file coords35.csv (CSV, N, CA and C atoms)
chain,number,residue,atom,x,y,z
A,1,MET,N,-100.7,24.1,9.4
A,1,MET,CA,-99.8,23.6,10.5
A,1,MET,C,-99.4,24.7,11.4
A,2,THR,N,-99.3,24.4,12.7
A,2,THR,CA,-98.9,25.4,13.7
A,2,THR,C,-97.4,25.2,13.9
A,3,LEU,N,-96.7,26.3,13.8
A,3,LEU,CA,-95.2,26.2,14.0
A,3,LEU,C,-94.9,26.2,15.5
A,4,PRO,N,-93.8,25.5,15.8
A,4,PRO,CA,-93.4,25.6,17.2
A,4,PRO,C,-93.0,27.0,17.5
A,5,THR,N,-93.3,27.5,18.7
A,5,THR,CA,-92.9,28.9,19.0
A,5,THR,C,-91.9,28.9,20.2
A,6,GLY,N,-91.4,30.0,20.4
A,6,GLY,CA,-90.4,30.2,21.5
A,6,GLY,C,-89.0,30.0,21.1
A,7,LEU,N,-88.1,30.4,22.0
A,7,LEU,CA,-86.7,30.3,21.8
A,7,LEU,C,-86.2,28.9,22.0
A,8,PHE,N,-85.4,28.4,21.1
A,8,PHE,CA,-84.9,27.0,21.3
A,8,PHE,C,-83.4,27.0,21.0
A,9,PRO,N,-82.7,26.0,21.6
A,9,PRO,CA,-81.2,25.9,21.3
A,9,PRO,C,-81.1,25.3,19.8
A,10,LEU,N,-80.4,26.0,19.0
A,10,LEU,CA,-80.2,25.6,17.6
A,10,LEU,C,-79.7,24.1,17.5
A,11,ARG,N,-78.8,23.8,18.4
A,11,ARG,CA,-78.2,22.4,18.2
A,11,ARG,C,-79.2,21.3,18.4
A,12,LYS,N,-80.4,21.6,19.0
A,12,LYS,CA,-81.4,20.6,19.1
A,12,LYS,C,-82.2,20.4,17.8
A,13,ALA,N,-82.1,21.4,16.9
A,13,ALA,CA,-82.9,21.4,15.6
A,13,ALA,C,-82.1,21.0,14.4
A,14,VAL,N,-80.7,21.1,14.5
A,14,VAL,CA,-79.9,21.0,13.3
A,14,VAL,C,-79.7,19.6,12.7
A,15,LEU,N,-80.1,18.6,13.4
A,15,LEU,CA,-79.9,17.2,12.9
A,15,LEU,C,-81.1,16.8,12.1
A,16,ARG,N,-82.1,17.5,12.0
A,16,ARG,CA,-83.3,17.2,11.2
A,16,ARG,C,-83.6,18.3,10.2
A,17,PRO,N,-84.3,18.0,9.1
A,17,PRO,CA,-84.7,19.1,8.2
A,17,PRO,C,-85.6,20.1,9.0
A,18,MET,N,-85.7,21.3,8.5
A,18,MET,CA,-86.5,22.3,9.1
A,18,MET,C,-88.0,21.9,9.0
A,19,PRO,N,-88.8,22.3,9.9
A,19,PRO,CA,-90.2,21.9,9.8
A,19,PRO,C,-90.9,22.5,8.6
A,20,SER,N,-91.9,21.9,8.1
A,20,SER,CA,-92.6,22.5,6.9
A,20,SER,C,-93.3,23.8,7.4
A,21,GLY,N,-93.4,24.7,6.5
A,21,GLY,CA,-94.0,26.0,6.8
A,21,GLY,C,-93.1,27.0,7.4
A,22,VAL,N,-91.8,26.7,7.5
A,22,VAL,CA,-90.9,27.7,8.0
A,22,VAL,C,-89.9,28.1,6.9
A,23,ARG,N,-89.4,29.4,7.0
A,23,ARG,CA,-88.4,29.8,6.0
A,23,ARG,C,-87.0,29.5,6.6
A,24,GLY,N,-86.9,29.4,7.9
A,24,GLY,CA,-85.6,29.2,8.6
A,24,GLY,C,-85.7,29.5,10.0
A,25,ALA,N,-84.5,29.6,10.7
A,25,ALA,CA,-84.4,29.9,12.1
A,25,ALA,C,-83.7,31.3,12.2
A,26,ILE,N,-84.4,32.2,12.9
A,26,ILE,CA,-83.7,33.5,13.2
A,26,ILE,C,-82.9,33.4,14.5
A,27,VAL,N,-81.7,33.7,14.4
A,27,VAL,CA,-80.8,33.7,15.6
A,27,VAL,C,-81.2,34.8,16.5
A,28,ARG,N,-81.5,34.5,17.7
A,28,ARG,CA,-81.9,35.6,18.7
A,28,ARG,C,-80.9,35.8,19.8
A,29,GLU,N,-80.1,34.7,20.1
A,29,GLU,CA,-79.1,34.8,21.1
A,29,GLU,C,-77.9,34.0,20.7
A,30,VAL,N,-76.7,34.6,20.9
A,30,VAL,CA,-75.5,34.0,20.5
A,30,VAL,C,-74.4,34.3,21.6
A,31,SER,N,-73.8,33.2,22.1
A,31,SER,CA,-72.7,33.4,23.1
A,31,SER,C,-71.4,33.8,22.4
A,32,PRO,N,-70.6,34.6,23.1
A,32,PRO,CA,-69.3,34.9,22.5
A,32,PRO,C,-68.3,33.7,22.5
A,33,CYS,N,-68.6,32.7,23.2
A,33,CYS,CA,-67.7,31.5,23.3
A,33,CYS,C,-67.9,30.6,22.1
A,34,PRO,N,-66.9,30.3,21.3
A,34,PRO,CA,-67.1,29.5,20.1
A,34,PRO,C,-67.7,28.1,20.5
A,35,GLY,N,-68.7,27.7,19.7
A,35,GLY,CA,-69.3,26.4,19.9
A,35,GLY,C,-70.3,26.4,21.0
A,36,ASP,N,-70.5,27.6,21.7
A,36,ASP,CA,-71.5,27.7,22.8
A,36,ASP,C,-72.9,27.9,22.3
A,37,ILE,N,-73.7,28.6,23.0
A,37,ILE,CA,-75.1,28.7,22.8
A,37,ILE,C,-75.4,29.6,21.5
A,38,LEU,N,-76.3,29.0,20.7
A,38,LEU,CA,-77.0,29.7,19.7
A,38,LEU,C,-78.5,29.4,19.9
A,39,ARG,N,-79.3,30.4,20.1
A,39,ARG,CA,-80.7,30.2,20.3
A,39,ARG,C,-81.4,30.9,19.2
A,40,ALA,N,-82.5,30.3,18.8
A,40,ALA,CA,-83.3,30.8,17.6
A,40,ALA,C,-84.8,30.7,17.8
A,41,THR,N,-85.5,31.3,16.9
A,41,THR,CA,-86.9,31.1,16.8
A,41,THR,C,-87.2,30.8,15.3
A,42,TRP,N,-88.3,30.0,15.1
A,42,TRP,CA,-88.6,29.7,13.7
A,42,TRP,C,-89.2,30.9,13.1
A,43,HIS,N,-88.9,31.1,11.8
A,43,HIS,CA,-89.5,32.2,11.0
A,43,HIS,C,-90.4,31.6,9.9
A,44,ALA,N,-91.7,32.0,10.0
A,44,ALA,CA,-92.6,31.4,9.1
A,44,ALA,C,-92.3,31.7,7.6
A,45,ALA,N,-92.6,30.8,6.7
A,45,ALA,CA,-92.4,31.1,5.3
A,45,ALA,C,-93.2,32.4,4.9
A,46,PRO,N,-92.5,33.2,4.2
A,46,PRO,CA,-93.2,34.5,3.8
A,46,PRO,C,-94.3,34.3,2.8
A,47,ASP,N,-95.3,35.2,2.9
A,47,ASP,CA,-96.4,35.1,2.0
A,47,ASP,C,-96.1,35.9,0.7
A,48,SER,N,-95.1,36.8,0.8
A,48,SER,CA,-94.8,37.6,-0.3
A,48,SER,C,-93.3,38.1,-0.2
A,49,ARG,N,-92.8,38.8,-1.2
A,49,ARG,CA,-91.5,39.4,-1.1
A,49,ARG,C,-91.4,40.5,-0.1
A,50,ARG,N,-92.5,41.0,0.3
A,50,ARG,CA,-92.5,42.1,1.3
A,50,ARG,C,-92.1,41.7,2.7
A,51,ASP,N,-92.1,40.4,2.9
A,51,ASP,CA,-91.7,39.8,4.2
A,51,ASP,C,-90.2,39.6,4.3
A,52,ARG,N,-89.5,40.7,4.0
A,52,ARG,CA,-88.0,40.7,4.1
A,52,ARG,C,-87.5,40.7,5.5
A,53,LEU,N,-86.3,40.3,5.7
A,53,LEU,CA,-85.7,40.3,7.0
A,53,LEU,C,-85.4,41.7,7.4
A,54,GLY,N,-85.6,42.1,8.7
A,54,GLY,CA,-85.3,43.4,9.2
A,54,GLY,C,-83.8,43.6,9.3
A,55,PRO,N,-83.3,44.8,9.4
A,55,PRO,CA,-81.9,45.1,9.6
A,55,PRO,C,-81.3,44.4,10.8
A,56,GLY,N,-80.2,43.7,10.6
A,56,GLY,CA,-79.5,43.0,11.7
A,56,GLY,C,-80.1,41.6,12.0
A,57,THR,N,-81.1,41.2,11.2
A,57,THR,CA,-81.7,39.9,11.5
A,57,THR,C,-80.9,38.8,10.7
A,58,LEU,N,-80.5,37.8,11.4
A,58,LEU,CA,-79.7,36.7,10.7
A,58,LEU,C,-80.6,35.4,10.7
A,59,LEU,N,-80.8,34.9,9.5
A,59,LEU,CA,-81.7,33.8,9.3
A,59,LEU,C,-80.8,32.6,8.8
A,60,LEU,N,-80.9,31.5,9.4
A,60,LEU,CA,-80.2,30.2,9.0
A,60,LEU,C,-81.3,29.3,8.4
A,61,THR,N,-80.9,28.7,7.2
A,61,THR,CA,-81.7,27.7,6.6
A,61,THR,C,-80.9,26.5,6.3
A,62,TRP,N,-81.5,25.3,6.3
A,62,TRP,CA,-80.7,24.1,6.0
A,62,TRP,C,-81.6,23.1,5.3
A,63,THR,N,-81.0,22.4,4.4
A,63,THR,CA,-81.7,21.3,3.6
A,63,THR,C,-80.8,20.1,3.6
A,64,PRO,N,-81.4,18.9,3.7
A,64,PRO,CA,-80.6,17.7,3.6
A,64,PRO,C,-80.0,17.5,2.3
A,65,THR,N,-78.8,17.0,2.3
A,65,THR,CA,-78.1,16.6,1.1
A,65,THR,C,-78.0,15.1,1.0
A,66,PRO,N,-79.0,14.5,0.3
A,66,PRO,CA,-79.1,13.0,0.4
A,66,PRO,C,-77.8,12.3,0.0
A,67,SER,N,-77.0,12.8,-0.9
A,67,SER,CA,-75.8,12.1,-1.4
A,67,SER,C,-74.8,12.0,-0.3
A,68,SER,N,-74.7,13.0,0.6
A,68,SER,CA,-73.7,13.0,1.6
A,68,SER,C,-74.2,12.7,3.1
A,69,GLY,N,-75.5,12.7,3.2
A,69,GLY,CA,-76.1,12.5,4.6
A,69,GLY,C,-75.9,13.8,5.4
A,70,GLY,N,-75.5,14.9,4.9
A,70,GLY,CA,-75.3,16.1,5.6
A,70,GLY,C,-76.4,17.1,5.4
A,71,MET,N,-76.1,18.4,5.7
A,71,MET,CA,-77.1,19.5,5.4
A,71,MET,C,-76.3,20.6,4.7
A,72,ASP,N,-77.0,21.2,3.7
A,72,ASP,CA,-76.5,22.4,3.1
A,72,ASP,C,-77.1,23.6,3.9
A,73,VAL,N,-76.2,24.4,4.5
A,73,VAL,CA,-76.7,25.5,5.4
A,73,VAL,C,-76.4,26.8,4.7
A,74,THR,N,-77.3,27.7,4.9
A,74,THR,CA,-77.1,29.1,4.3
A,74,THR,C,-77.5,30.1,5.4
A,75,ALA,N,-76.7,31.2,5.5
A,75,ALA,CA,-77.0,32.3,6.4
A,75,ALA,C,-77.3,33.5,5.6
A,76,ARG,N,-78.5,34.2,5.9
A,76,ARG,CA,-78.9,35.4,5.2
A,76,ARG,C,-79.0,36.5,6.3
A,77,LEU,N,-78.6,37.7,5.9
A,77,LEU,CA,-78.5,38.8,6.8
A,77,LEU,C,-79.4,39.9,6.2
A,78,GLY,N,-80.3,40.5,7.1
A,78,GLY,CA,-81.2,41.6,6.7
A,78,GLY,C,-80.4,42.9,6.9
A,79,LEU,N,-80.4,43.7,5.8
A,79,LEU,CA,-79.8,45.0,5.9
A,79,LEU,C,-81.0,46.1,5.7
A,80,ASN,N,-80.7,47.3,5.7
A,80,ASN,CA,-81.7,48.4,5.7
A,80,ASN,C,-82.6,48.2,4.5
A,81,THR,N,-82.0,48.0,3.3
A,81,THR,CA,-82.8,48.0,2.1
A,81,THR,C,-82.9,46.6,1.4
A,82,LEU,N,-82.2,45.6,1.9
A,82,LEU,CA,-82.3,44.3,1.2
A,82,LEU,C,-81.8,43.2,2.2
A,83,GLU,N,-81.9,42.0,1.7
A,83,GLU,CA,-81.2,40.9,2.5
A,83,GLU,C,-80.2,40.3,1.6
A,84,VAL,N,-79.1,39.8,2.2
A,84,VAL,CA,-78.0,39.3,1.4
A,84,VAL,C,-77.6,37.9,2.0
A,85,THR,N,-77.1,37.1,1.1
A,85,THR,CA,-76.5,35.8,1.5
A,85,THR,C,-75.2,36.1,2.1
A,86,LEU,N,-75.1,35.7,3.4
A,86,LEU,CA,-73.9,36.0,4.1
A,86,LEU,C,-72.8,34.9,3.9
A,87,ALA,N,-73.3,33.6,4.0
A,87,ALA,CA,-72.4,32.5,3.9
A,87,ALA,C,-73.2,31.2,3.5
A,88,THR,N,-72.5,30.3,2.9
A,88,THR,CA,-73.1,29.0,2.7
A,88,THR,C,-72.1,27.9,3.1
A,89,TRP,N,-72.6,26.9,3.7
A,89,TRP,CA,-71.8,25.7,4.1
A,89,TRP,C,-72.4,24.5,3.5
A,90,PRO,N,-71.8,23.9,2.5
A,90,PRO,CA,-72.4,22.7,1.9
A,90,PRO,C,-72.0,21.4,2.7
A,91,CYS,N,-72.9,20.5,2.8
A,91,CYS,CA,-72.7,19.1,3.3
A,91,CYS,C,-72.2,19.1,4.7
A,92,LEU,N,-72.7,19.9,5.6
A,92,LEU,CA,-72.3,19.8,7.0
A,92,LEU,C,-73.0,18.6,7.7
A,93,ARG,N,-72.2,18.0,8.5
A,93,ARG,CA,-72.8,16.8,9.2
A,93,ARG,C,-72.9,17.0,10.7
A,94,GLY,N,-73.8,16.3,11.3
A,94,GLY,CA,-73.9,16.3,12.8
A,94,GLY,C,-74.4,17.7,13.3
A,95,ASP,N,-73.9,18.1,14.4
A,95,ASP,CA,-74.2,19.3,15.1
A,95,ASP,C,-73.4,20.4,14.4
A,96,TRP,N,-74.0,20.9,13.3
A,96,TRP,CA,-73.2,22.0,12.5
A,96,TRP,C,-73.4,23.3,13.1
A,97,SER,N,-74.1,23.5,14.2
A,97,SER,CA,-74.2,24.8,14.8
A,97,SER,C,-72.9,25.3,15.3
A,98,ARG,N,-72.0,24.4,15.7
A,98,ARG,CA,-70.6,24.8,16.1
A,98,ARG,C,-69.8,25.4,14.9
A,99,THR,N,-70.1,24.9,13.7
A,99,THR,CA,-69.3,25.4,12.6
A,99,THR,C,-69.8,26.8,12.2
A,100,VAL,N,-71.1,27.1,12.3
A,100,VAL,CA,-71.5,28.4,11.8
A,100,VAL,C,-71.4,29.4,12.9
A,101,HIS,N,-71.2,29.0,14.2
A,101,HIS,CA,-71.2,29.9,15.3
A,101,HIS,C,-70.3,31.1,15.2
A,102,PRO,N,-69.0,30.9,14.8
A,102,PRO,CA,-68.1,32.1,14.7
A,102,PRO,C,-68.6,33.1,13.7
A,103,THR,N,-69.1,32.7,12.5
A,103,THR,CA,-69.6,33.6,11.5
A,103,THR,C,-70.8,34.4,12.0
A,104,VAL,N,-71.8,33.7,12.7
A,104,VAL,CA,-73.0,34.3,13.2
A,104,VAL,C,-72.6,35.3,14.3
A,105,TYR,N,-71.8,34.9,15.2
A,105,TYR,CA,-71.4,35.8,16.3
A,105,TYR,C,-70.7,37.1,15.7
A,106,GLU,N,-69.7,36.9,14.9
A,106,GLU,CA,-69.0,38.1,14.4
A,106,GLU,C,-69.9,39.0,13.5
A,107,THR,N,-70.7,38.4,12.8
A,107,THR,CA,-71.6,39.2,11.9
A,107,THR,C,-72.6,40.0,12.8
A,108,LEU,N,-73.2,39.4,13.7
A,108,LEU,CA,-74.2,40.1,14.6
A,108,LEU,C,-73.5,41.2,15.4
A,109,ALA,N,-72.3,40.9,15.9
A,109,ALA,CA,-71.5,41.9,16.7
A,109,ALA,C,-71.1,43.1,15.8
A,110,LEU,N,-70.6,42.8,14.6
A,110,LEU,CA,-70.2,43.9,13.6
A,110,LEU,C,-71.5,44.7,13.2
A,111,HIS,N,-72.6,44.1,13.0
A,111,HIS,CA,-73.8,44.8,12.6
A,111,HIS,C,-74.2,45.8,13.8
A,112,ALA,N,-74.1,45.3,15.0
A,112,ALA,CA,-74.5,46.1,16.2
A,112,ALA,C,-73.5,47.3,16.3
A,113,ALA,N,-72.2,47.0,16.1
A,113,ALA,CA,-71.3,48.1,16.2
A,113,ALA,C,-71.5,49.2,15.1
A,114,LEU,N,-71.8,48.7,13.9
A,114,LEU,CA,-72.1,49.7,12.8
A,114,LEU,C,-73.3,50.5,13.1
A,115,ARG,N,-74.3,49.8,13.7
A,115,ARG,CA,-75.6,50.5,14.0
A,115,ARG,C,-75.3,51.6,15.0
A,116,VAL,N,-74.5,51.3,16.0
A,116,VAL,CA,-74.1,52.4,17.0
A,116,VAL,C,-73.4,53.5,16.4
A,117,ALA,N,-72.4,53.2,15.6
A,117,ALA,CA,-71.6,54.2,14.9
A,117,ALA,C,-72.4,55.1,14.0
A,118,THR,N,-73.3,54.5,13.3
A,118,THR,CA,-74.2,55.3,12.4
A,118,THR,C,-75.1,56.2,13.2
A,119,LYS,N,-75.6,55.7,14.3
A,119,LYS,CA,-76.5,56.5,15.1
A,119,LYS,C,-75.7,57.7,15.7
A,120,ALA,N,-74.5,57.4,16.2
A,120,ALA,CA,-73.6,58.5,16.7
A,120,ALA,C,-73.3,59.5,15.7
A,121,LEU,N,-73.1,59.1,14.5
A,121,LEU,CA,-72.7,60.1,13.4
A,121,LEU,C,-73.9,60.9,13.0
A,122,THR,N,-75.1,60.3,13.0
A,122,THR,CA,-76.3,61.1,12.6
A,122,THR,C,-76.9,62.0,13.7
A,123,THR,N,-76.5,61.7,14.9
A,123,THR,CA,-76.9,62.6,16.0
A,123,THR,C,-75.9,63.6,16.4
A,124,ALA,N,-74.7,63.5,15.9
A,124,ALA,CA,-73.6,64.5,16.2
A,124,ALA,C,-73.8,65.8,15.6
call {"tool": "encode", "arguments": {"input": "coords35.csv", "output": "structure tokens"}}
result
Amino acid sequence: MTLPTGLFPLRKAVLRPMPSGVRGAIVREVSPCPGDILRATWHAAPDSRRDRLGPGTLLLTWTPTPSSGGMDVTARLGLNTLEVTLATWPCLRGDWSRTVHPTVYETLALHAALRVATKALTTA
């Protein structure tokens, strides 16, 4: 199967299960305004454990919860040596991109600030 490519608004994708053959959606652009723009690209399912997320990469995954009619959503963050589960939101309904937006924005901003601080300390 060929995956859809390119940047897309997350709110257009969150009402349906993720396409087959993808691991999730990597957030590429996030607005500082709560509930505003989250844009992502699909991330293909990895062939092996070596296909880890890079540092500062935030991956959202969601699966339908048949009992509630919602989606179970998970955010994973790539760090230098591993990837971690950042947050989980069970049974979100409708356009859940507004619910995860603050966590996504704050995490990516904090990671960027820490990267700048680390670079400043190592070059000083």
call {"tool": "select_by_dssp", "arguments": {"input": "coords35.csv", "residues": "range 45-90 of chain A", "states": "strand (DSSP E or B)", "output": "ChimeraX atom specification"}}
result
/A:58-65,70-78,83-90
call {"tool": "select_by_dssp", "arguments": {"input": "coords35.csv", "residues": "chain A", "states": "alpha helix (DSSP H)", "output": "ChimeraX atom specification"}}
result
/A:97-123
call {"tool": "atom_distance", "arguments": {"input": "coords35.csv", "atom1": "CA of Ser67 in chain A", "atom2": "CA of Gly24 in chain A"}}
result
22.1 Å
call {"tool": "residues_around", "arguments": {"input": "coords35.csv", "residues": "range 15-19 of chain A", "least_positions_apart": "5", "cutoff": "6 Å", "atoms": "all atoms listed in the file", "output": "ChimeraX atom specification"}}
result
/A:62-64,94
call {"tool": "atom_distance", "arguments": {"input": "coords35.csv", "atom1": "atom N of Pro9 in chain A", "atom2": "CA of Gly21 in chain A"}}
result
18.6 Å
call {"tool": "closest_residue", "arguments": {"input": "coords35.csv", "among": "A:Leu114, A:Met71, A:Ala45, A:Leu58", "to": "Ala87 in chain A", "atoms": "only C-alpha atoms"}}
result
A:Leu58
call {"tool": "atom_distance", "arguments": {"input": "coords35.csv", "atom1": "CA of Arg52 in chain A", "atom2": "CA of Cys91 in chain A"}}
result
26.5 Å
call {"tool": "closest_residue", "arguments": {"input": "coords35.csv", "among": "A:Val73, A:Val116, A:Val22, A:Ala109", "to": "Pro46 in chain A", "atoms": "only N, CA and C atoms"}}
result
A:Val22
